[in-house]
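*Asks:* run.cif is reproduced below (mmCIF, C-alpha atoms).
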data_work
#
loop_
_atom_site.group_PDB
_atom_site.id
_atom_site.type_symbol
_atom_site.label_atom_id
_atom_site.label_comp_id
_atom_site.auth_asym_id
_atom_site.auth_seq_id
_atom_site.Cartn_x
_atom_site.Cartn_y
_atom_site.Cartn_z
ATOM 1 C CA MET A 19 149.120 88.780 -46.745
ATOM 2 C CA LEU A 20 147.707 87.164 -49.872
ATOM 3 C CA SER A 21 148.277 83.631 -48.658
ATOM 4 C CA GLU A 22 146.251 84.141 -45.485
ATOM 5 C CA LYS A 23 143.422 85.809 -47.402
ATOM 6 C CA LEU A 24 143.283 82.953 -49.900
ATOM 7 C CA ARG A 25 143.140 80.369 -47.123
ATOM 8 C CA ILE A 26 140.291 82.227 -45.415
ATOM 9 C CA LEU A 27 138.342 82.629 -48.659
ATOM 10 C CA ARG A 28 138.825 78.974 -49.588
ATOM 11 C CA GLU A 29 137.632 77.834 -46.179
ATOM 12 C CA GLN A 30 134.610 80.151 -46.404
ATOM 13 C CA THR A 31 133.629 78.612 -49.721
ATOM 14 C CA GLY A 32 134.133 75.098 -48.341
ATOM 15 C CA LEU A 33 136.479 74.053 -51.116
ATOM 16 C CA PRO A 34 139.370 71.686 -50.404
ATOM 17 C CA GLN A 35 142.802 72.713 -51.657
ATOM 18 C CA ARG A 36 142.787 69.914 -54.229
ATOM 19 C CA LYS A 37 139.666 71.301 -55.924
ATOM 20 C CA VAL A 38 141.056 74.821 -56.070
ATOM 21 C CA ALA A 39 144.305 73.439 -57.469
ATOM 22 C CA ALA A 40 142.407 71.426 -60.097
ATOM 23 C CA ALA A 41 140.420 74.512 -61.134
ATOM 24 C CA LEU A 42 143.713 76.386 -61.556
ATOM 25 C CA ASP A 43 145.249 73.431 -63.435
ATOM 26 C CA ILE A 44 148.140 73.206 -60.968
ATOM 27 C CA ASP A 45 149.065 70.443 -58.565
ATOM 28 C CA THR A 46 147.860 70.490 -54.981
ATOM 29 C CA ALA A 47 151.404 70.855 -53.628
ATOM 30 C CA THR A 48 151.859 74.089 -55.566
ATOM 31 C CA TYR A 49 148.557 75.448 -54.296
ATOM 32 C CA CYS A 50 149.578 74.525 -50.740
ATOM 33 C CA LYS A 51 152.777 76.537 -51.246
ATOM 34 C CA ILE A 52 150.672 79.515 -52.321
ATOM 35 C CA GLU A 53 148.501 79.300 -49.196
ATOM 36 C CA ASN A 54 151.568 78.824 -46.990
ATOM 37 C CA GLY A 55 153.227 81.908 -48.457
ATOM 38 C CA ASN A 56 156.075 79.909 -49.977
ATOM 39 C CA TYR A 57 155.178 80.642 -53.595
ATOM 40 C CA LEU A 58 153.833 83.837 -55.142
ATOM 41 C CA PRO A 59 151.647 82.970 -58.119
ATOM 42 C CA ARG A 60 151.449 84.778 -61.431
ATOM 43 C CA LYS A 61 148.910 87.551 -61.808
ATOM 44 C CA ALA A 62 146.796 85.360 -64.092
ATOM 45 C CA LEU A 63 146.293 82.861 -61.251
ATOM 46 C CA ILE A 64 145.129 85.653 -58.954
ATOM 47 C CA LEU A 65 142.482 86.617 -61.495
ATOM 48 C CA MET A 66 141.349 82.992 -61.721
ATOM 49 C CA LEU A 67 141.326 82.655 -57.936
ATOM 50 C CA SER A 68 139.074 85.685 -57.587
ATOM 51 C CA ASP A 69 136.505 83.889 -59.759
ATOM 52 C CA ILE A 70 136.900 80.504 -58.083
ATOM 53 C CA LEU A 71 136.712 81.912 -54.553
ATOM 54 C CA LYS A 72 134.118 84.581 -55.444
ATOM 55 C CA ALA A 73 136.465 87.252 -54.107
ATOM 56 C CA ASP A 74 137.024 90.901 -54.886
ATOM 57 C CA GLN A 75 139.538 90.882 -57.740
ATOM 58 C CA GLU A 76 141.002 94.289 -56.885
ATOM 59 C CA GLU A 77 141.567 93.338 -53.246
ATOM 60 C CA LEU A 78 143.405 90.156 -54.197
ATOM 61 C CA LEU A 79 145.528 92.018 -56.740
ATOM 62 C CA LYS A 80 146.477 94.623 -54.146
ATOM 63 C CA LEU A 81 147.532 91.926 -51.684
ATOM 64 C CA TRP A 82 149.465 90.177 -54.457
ATOM 65 C CA LEU A 83 151.304 93.387 -55.286
ATOM 66 C CA VAL A 84 152.123 94.056 -51.627
ATOM 67 C CA ASP A 85 153.598 90.556 -51.387
ATOM 68 C CA ARG A 86 155.694 91.249 -54.491
ATOM 69 C CA PHE A 87 156.932 94.523 -52.980
ATOM 70 C CA MET A 88 157.781 92.775 -49.735
ATOM 71 C CA ALA A 89 159.732 90.054 -51.538
ATOM 72 C CA VAL A 90 161.911 92.709 -53.146
ATOM 73 C CA ALA A 91 162.206 94.668 -49.903
ATOM 74 C CA ASP A 92 163.348 91.559 -48.030
ATOM 75 C CA SER A 93 166.185 91.061 -50.472
ATOM 76 C CA GLU A 94 167.247 94.732 -50.361
ATOM 77 C CA LYS A 95 166.623 95.711 -46.739
ATOM 78 C CA GLU A 96 168.994 98.697 -46.737
ATOM 79 C CA LEU A 97 167.738 100.240 -49.970
ATOM 80 C CA ALA A 98 164.042 99.369 -49.842
ATOM 81 C CA PRO A 99 162.723 102.113 -47.519
ATOM 82 C CA GLU A 100 164.208 104.918 -49.589
ATOM 83 C CA ALA A 101 163.281 103.223 -52.845
ATOM 84 C CA PHE A 102 159.644 102.958 -51.725
ATOM 85 C CA LYS A 103 159.647 106.673 -50.824
ATOM 86 C CA ILE A 104 160.911 107.536 -54.294
ATOM 87 C CA ALA A 105 158.320 105.273 -55.896
ATOM 88 C CA GLN A 106 155.551 106.920 -53.850
ATOM 89 C CA GLN A 107 156.719 110.354 -54.976
ATOM 90 C CA GLN A 108 156.626 109.215 -58.601
ATOM 91 C CA ILE A 109 153.134 107.810 -58.190
ATOM 92 C CA GLU A 110 151.917 111.078 -56.669
ATOM 93 C CA LYS A 111 153.315 113.020 -59.655
ATOM 94 C CA GLN A 112 151.258 110.981 -62.119
#
Would you mind giving the structure from this file in structure tokens?
*Replies:*
Amino acid sequence: MLSEKLRILREQTGLPQRKVAAALDIDTATYCKIENGNYLPRKALILMLSDILKADQEELLKLWLVDRFMAVADSEKELAPEAFKIAQQQIEKQ
């Protein structure tokens, strides 16, 4: 989810991947992996990307978190649905 959004935002701003990568102080190959969904960046990079791409920080963070959830769910397919239900219940109690 995040990777597609980042690609769209970058294209809308007219920035090449190499310039975004340079602004993040990472190599272009790593940034390409982010846009291809092969690498989930640290939260700090998401905050920087929101500034670089003039994007809504909260929206990008939500997509980042969903991608993190999905990475865990993919590795624990049998347990994930019930675990997410329990997590939702805990969130609602707060």
*Asks:* When you look at A:Glu76 with a cut-off of 12 Å (counting only C-alpha atoms), what residues show up, excluding the ones that are within fewer than 5 positions of it in the same chain? I need them as a PDB file with C-alpha atoms, in the frame of the given file.
*Replies:*
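Output saved as result-v4.pdb:
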ATOM      1  CA  LYS A  61     148.910  87.551 -61.808  1.00  0.00           C
ATOM      2  CA  ILE A  64     145.129  85.653 -58.954  1.00  0.00           C
ATOM      3  CA  LEU A  65     142.482  86.617 -61.495  1.00  0.00           C
ATOM      4  CA  LEU A  67     141.326  82.655 -57.936  1.00  0.00           C
ATOM      5  CA  SER A  68     139.074  85.685 -57.587  1.00  0.00           C
ATOM      6  CA  ASP A  69     136.505  83.889 -59.759  1.00  0.00           C
ATOM      7  CA  LEU A  81     147.532  91.926 -51.684  1.00  0.00           C
ATOM      8  CA  TRP A  82     149.465  90.177 -54.457  1.00  0.00           C
ATOM      9  CA  LEU A  83     151.304  93.387 -55.286  1.00  0.00           C
TER      10      LEU A  83
END
*Asks:* In Å to one decimal, how far is atom CA of A:Gly55 from atom CA of A:Gln108?
*Replies:*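 Distance between the two atoms: 29.3 Å.
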*Asks:* Expanded to explicit residues, what is the PyMOL selection byres ((chain A and resi 50) around 12) for this file, as a list in words?
*Replies:*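 Against this file, the PyMOL selection byres ((chain A and resi 50) around 12) returns the residues Ser21, Glu22, Leu24, Arg25, Arg28, Pro34, Gln35, Arg36, Lys37, Val38, Ala39, Ile44, Asp45, Thr46, Ala47, Thr48, Tyr49, Lys51, Ile52, Glu53, Asn54, Gly55, Asn56, Tyr57, Leu58 and Pro59 of chain A.
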*Asks:* Hey, can you check how far atom CA of A:Leu42 sits from atom CA of A:Glu77?
*Replies:*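 Taking atom CA of A:Leu42 and atom CA of A:Glu77, their separation equals 19.0 Å.
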*Asks:* Which distance in Å separates atom CA of A:Asp74 and atom CA of A:Ala62, to one decimal?
*Replies:*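 Interatomic distance, atom CA of A:Asp74 to atom CA of A:Ala62: 14.5 Å.
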*Asks:* Between A:Ala98, A:Ala91, A:Leu20, A:Leu33, single out the one closest to A:Ile70, counting all atoms listed in the file.
*Replies:*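 Under the stated criterion, the closest residue is A:Leu33.
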*Asks:* Of the candidates A:Ile109, A:Ile26, A:Leu97, A:Met19, which one gets nearest to A:Leu79 if we count only C-alpha atoms?
*Replies:*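 Of A:Ile109, A:Ile26, A:Leu97, A:Met19, the one nearest A:Leu79 is A:Met19, counting only C-alpha atoms.
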*Asks:* Using all atoms listed in the file, find the one residue out of A:Glu100, A:Leu71, A:Met66, A:Arg60 that sits nearest to A:Arg86.
*Replies:*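 Going through A:Glu100, A:Leu71, A:Met66, A:Arg60 one by one, the smallest distance to A:Arg86 is for A:Arg60.
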